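Structure record follows, encoded as structure tokens.
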Amino acid sequence: APSAFHRLFKKWLLNYGFKPISGDRVTFLYPCNNKELYQRFLKDLRKDFELSDQGTVNWYLGVSVKRDLANRRTTLLQEQYVKDVLERFSMTSAMPVSTPMEANTHLTSADCPSPHKVDKQFKREYQRIVGSLMYLLCFTRPDLAFSVNQCSRFMSNPGPLHMAAACRILRYLAGTVHYGLTY
């Protein structure tokens with residue numbers, strides 16, 4: 001059903017004069033900045049599709065949307081999620097650091113415990129931390145990509161050094177709660 005709707009809606013947009021963005025199957029552009037044309041577009045769209053107007057978006061899928069129309073900027077933030085993550089892992093009062101990973105840190109499998117000494121609770125906590133960080137980096141925090149990638153390599157058998165690296169990322173978040181993406 002989703003792919004059938006995509007084909008139907010894509011056809012509708014193309015017939016309306018939208019142009020697809022190269023390399024992106026779901027983004028279309030209509031080069032116009034005219035309120036009358038926009039209202040006509042909405043009217044035409046309502047003829048063929050059921051729509052509801054929820055007003056200006058301020059919150060979408062857990063992401064805060066802040067618009068600065070005067071400067072033509074939109075900022076996406078996950079401040080509340082970051083605060084929740086820090087609280088979940090008891091890091092709300094952690095000493096912030098300026099980078100998510102120390103320079104020249106090399107996490108290796110040599111830092112992993114032997115397979116018969118794996119502490120399941122430690123492993124689960126590590127997985128929860130890294131999973132929470134992955135969610136953040138996918139939406140609004142690409143600055144975490146390298147360090148979270150390094151930590152994610154050891155999800156099945158993390159050692160104390162891996163946990164220390166994950167906790168450092170949390171300490172970085174403690175000082176960068178208000179970071180996000182601005183377009």
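Residues are referred to by chain and number: the chain letter is A, B, ... according to the order shown in the structure tokens, the number counts from 1 in that chain, and ligands are numbered separately from 1 in the order shown.
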
(request) Compile the contact shell of A:Phe41 as a ChimeraX atom specification: residues with an atom at most 12 Å away, counting only C-alpha atoms, same-chain residues fewer than 2 positions apart removed. (result) /A:12-13,16-18,30,32,34-39,43-49

Keeping only N, CA, C and O atoms, write the selected residues to a file as a PDB file, in the first residue's frame.
```
ATOM      1  N   TRP A  12       0.704  12.574  -9.292  1.00  0.00           N
ATOM      2  CA  TRP A  12      -0.066  13.792  -9.065  1.00  0.00           C
ATOM      3  C   TRP A  12       0.863  15.003  -9.019  1.00  0.00           C
ATOM      4  O   TRP A  12       0.588  16.026  -9.639  1.00  0.00           O
ATOM      5  N   LEU A  13       1.952  14.906  -8.285  1.00  0.00           N
ATOM      6  CA  LEU A  13       2.903  16.025  -8.176  1.00  0.00           C
ATOM      7  C   LEU A  13       3.535  16.369  -9.517  1.00  0.00           C
ATOM      8  O   LEU A  13       3.672  17.543  -9.874  1.00  0.00           O
ATOM      9  N   TYR A  16       1.215  18.194 -11.666  1.00  0.00           N
ATOM     10  CA  TYR A  16       1.001  19.555 -11.155  1.00  0.00           C
ATOM     11  C   TYR A  16       2.177  20.475 -11.496  1.00  0.00           C
ATOM     12  O   TYR A  16       2.086  21.682 -11.362  1.00  0.00           O
ATOM     13  N   GLY A  17       3.298  19.910 -11.940  1.00  0.00           N
ATOM     14  CA  GLY A  17       4.450  20.724 -12.318  1.00  0.00           C
ATOM     15  C   GLY A  17       5.636  20.658 -11.364  1.00  0.00           C
ATOM     16  O   GLY A  17       6.616  21.371 -11.537  1.00  0.00           O
ATOM     17  N   PHE A  18       5.556  19.789 -10.351  1.00  0.00           N
ATOM     18  CA  PHE A  18       6.683  19.621  -9.436  1.00  0.00           C
ATOM     19  C   PHE A  18       7.818  18.898 -10.148  1.00  0.00           C
ATOM     20  O   PHE A  18       7.594  18.106 -11.060  1.00  0.00           O
ATOM     21  N   TYR A  30       8.765  22.784  -6.266  1.00  0.00           N
ATOM     22  CA  TYR A  30       7.929  23.619  -7.118  1.00  0.00           C
ATOM     23  C   TYR A  30       8.443  25.037  -6.897  1.00  0.00           C
ATOM     24  O   TYR A  30       8.162  25.644  -5.869  1.00  0.00           O
ATOM     25  N   CYS A  32       8.408  28.321  -6.485  1.00  0.00           N
ATOM     26  CA  CYS A  32       7.456  29.422  -6.417  1.00  0.00           C
ATOM     27  C   CYS A  32       7.383  29.922  -4.984  1.00  0.00           C
ATOM     28  O   CYS A  32       7.445  29.137  -4.044  1.00  0.00           O
ATOM     29  N   ASN A  34       4.697  32.187  -3.888  1.00  0.00           N
ATOM     30  CA  ASN A  34       3.506  32.984  -4.089  1.00  0.00           C
ATOM     31  C   ASN A  34       2.381  32.382  -3.253  1.00  0.00           C
ATOM     32  O   ASN A  34       2.006  31.228  -3.446  1.00  0.00           O
ATOM     33  N   LYS A  35       1.840  33.162  -2.327  1.00  0.00           N
ATOM     34  CA  LYS A  35       0.810  32.641  -1.417  1.00  0.00           C
ATOM     35  C   LYS A  35      -0.463  32.242  -2.145  1.00  0.00           C
ATOM     36  O   LYS A  35      -1.122  31.287  -1.769  1.00  0.00           O
ATOM     37  N   GLU A  36      -0.821  32.975  -3.202  1.00  0.00           N
ATOM     38  CA  GLU A  36      -2.040  32.632  -3.956  1.00  0.00           C
ATOM     39  C   GLU A  36      -1.878  31.272  -4.624  1.00  0.00           C
ATOM     40  O   GLU A  36      -2.799  30.456  -4.599  1.00  0.00           O
ATOM     41  N   LEU A  37      -0.703  31.038  -5.238  1.00  0.00           N
ATOM     42  CA  LEU A  37      -0.466  29.740  -5.878  1.00  0.00           C
ATOM     43  C   LEU A  37      -0.444  28.619  -4.837  1.00  0.00           C
ATOM     44  O   LEU A  37      -0.941  27.520  -5.083  1.00  0.00           O
ATOM     45  N   TYR A  38       0.094  28.900  -3.672  1.00  0.00           N
ATOM     46  CA  TYR A  38       0.133  27.913  -2.601  1.00  0.00           C
ATOM     47  C   TYR A  38      -1.288  27.553  -2.162  1.00  0.00           C
ATOM     48  O   TYR A  38      -1.607  26.373  -1.986  1.00  0.00           O
ATOM     49  N   GLN A  39      -2.145  28.543  -1.989  1.00  0.00           N
ATOM     50  CA  GLN A  39      -3.528  28.276  -1.595  1.00  0.00           C
ATOM     51  C   GLN A  39      -4.260  27.488  -2.672  1.00  0.00           C
ATOM     52  O   GLN A  39      -5.044  26.583  -2.369  1.00  0.00           O
ATOM     53  N   LYS A  43      -5.910  23.737  -2.370  1.00  0.00           N
ATOM     54  CA  LYS A  43      -7.290  23.486  -2.797  1.00  0.00           C
ATOM     55  C   LYS A  43      -7.325  22.310  -3.780  1.00  0.00           C
ATOM     56  O   LYS A  43      -8.155  21.403  -3.651  1.00  0.00           O
ATOM     57  N   ASP A  44      -6.412  22.315  -4.759  1.00  0.00           N
ATOM     58  CA  ASP A  44      -6.353  21.226  -5.728  1.00  0.00           C
ATOM     59  C   ASP A  44      -5.963  19.903  -5.071  1.00  0.00           C
ATOM     60  O   ASP A  44      -6.497  18.850  -5.418  1.00  0.00           O
ATOM     61  N   LEU A  45      -5.069  19.967  -4.126  1.00  0.00           N
ATOM     62  CA  LEU A  45      -4.640  18.770  -3.420  1.00  0.00           C
ATOM     63  C   LEU A  45      -5.798  18.165  -2.621  1.00  0.00           C
ATOM     64  O   LEU A  45      -5.986  16.946  -2.607  1.00  0.00           O
ATOM     65  N   ARG A  46      -6.609  19.015  -2.003  1.00  0.00           N
ATOM     66  CA  ARG A  46      -7.762  18.549  -1.225  1.00  0.00           C
ATOM     67  C   ARG A  46      -8.823  17.881  -2.100  1.00  0.00           C
ATOM     68  O   ARG A  46      -9.605  17.077  -1.607  1.00  0.00           O
ATOM     69  N   LYS A  47      -8.854  18.237  -3.390  1.00  0.00           N
ATOM     70  CA  LYS A  47      -9.815  17.603  -4.294  1.00  0.00           C
ATOM     71  C   LYS A  47      -9.542  16.108  -4.424  1.00  0.00           C
ATOM     72  O   LYS A  47     -10.471  15.316  -4.553  1.00  0.00           O
ATOM     73  N   ASP A  48      -8.242  15.749  -4.393  1.00  0.00           N
ATOM     74  CA  ASP A  48      -7.876  14.353  -4.635  1.00  0.00           C
ATOM     75  C   ASP A  48      -7.418  13.593  -3.391  1.00  0.00           C
ATOM     76  O   ASP A  48      -7.364  12.364  -3.406  1.00  0.00           O
ATOM     77  N   PHE A  49      -7.070  14.315  -2.325  1.00  0.00           N
ATOM     78  CA  PHE A  49      -6.556  13.672  -1.123  1.00  0.00           C
ATOM     79  C   PHE A  49      -7.183  14.292   0.111  1.00  0.00           C
ATOM     80  O   PHE A  49      -7.470  15.489   0.141  1.00  0.00           O
TER      81      PHE A  49
END
```

List as a Markdown table every residue of stretch 113-148 of chain A that is in contact with stretch 72-80 of chain A, defined as an atom at most 10 Å from one of its atoms (using only C-alpha atoms), together with the nearest atom pair and the distance in Å rounded to one decimal, sorted by chain and then rising number.
```
| residue | atom | partner | partner_atom | distance |
| --- | --- | --- | --- | --- |
| A:Leu136 | CA | A:Gln78 | CA | 7.5 |
| A:Phe139 | CA | A:Gln78 | CA | 8.3 |
| A:Thr140 | CA | A:Leu77 | CA | 6.3 |
| A:Arg141 | CA | A:Leu77 | CA | 8.6 |
```

Selection export as a tab-separated table (two decimals), in the first residue's frame, atoms kept: C-alpha atoms:
```
chain	number	residue	atom	x	y	z
A	136	LEU	CA	19.84	10.95	18.19
A	139	PHE	CA	17.71	12.75	13.33
A	140	THR	CA	19.55	15.82	14.54
A	141	ARG	CA	23.05	15.05	15.77
```

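For the pair atom CA of A:Ala174 and atom CA of A:Asn71, the interatomic distance is 28.5 Å.
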
(request) Run DSSP on the backbone of this structure and report the residues of stretch 4-165 of chain A it assigns to helix (DSSP H, G or I), as number ranges by chain. (result) A: 4-16, 35-48, 79-88, 109-111, 115-117, 120-139, 142-152, 160-165

(request) Determine the nearest neighbour of A:Gln150 from the options A:Ala4, A:Ile169, A:Val130, A:Leu107, counting only C-alpha atoms. (result)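 Checking each of A:Ala4, A:Ile169, A:Val130, A:Leu107 against A:Gln150, counting only C-alpha atoms, the winner is A:Leu107.
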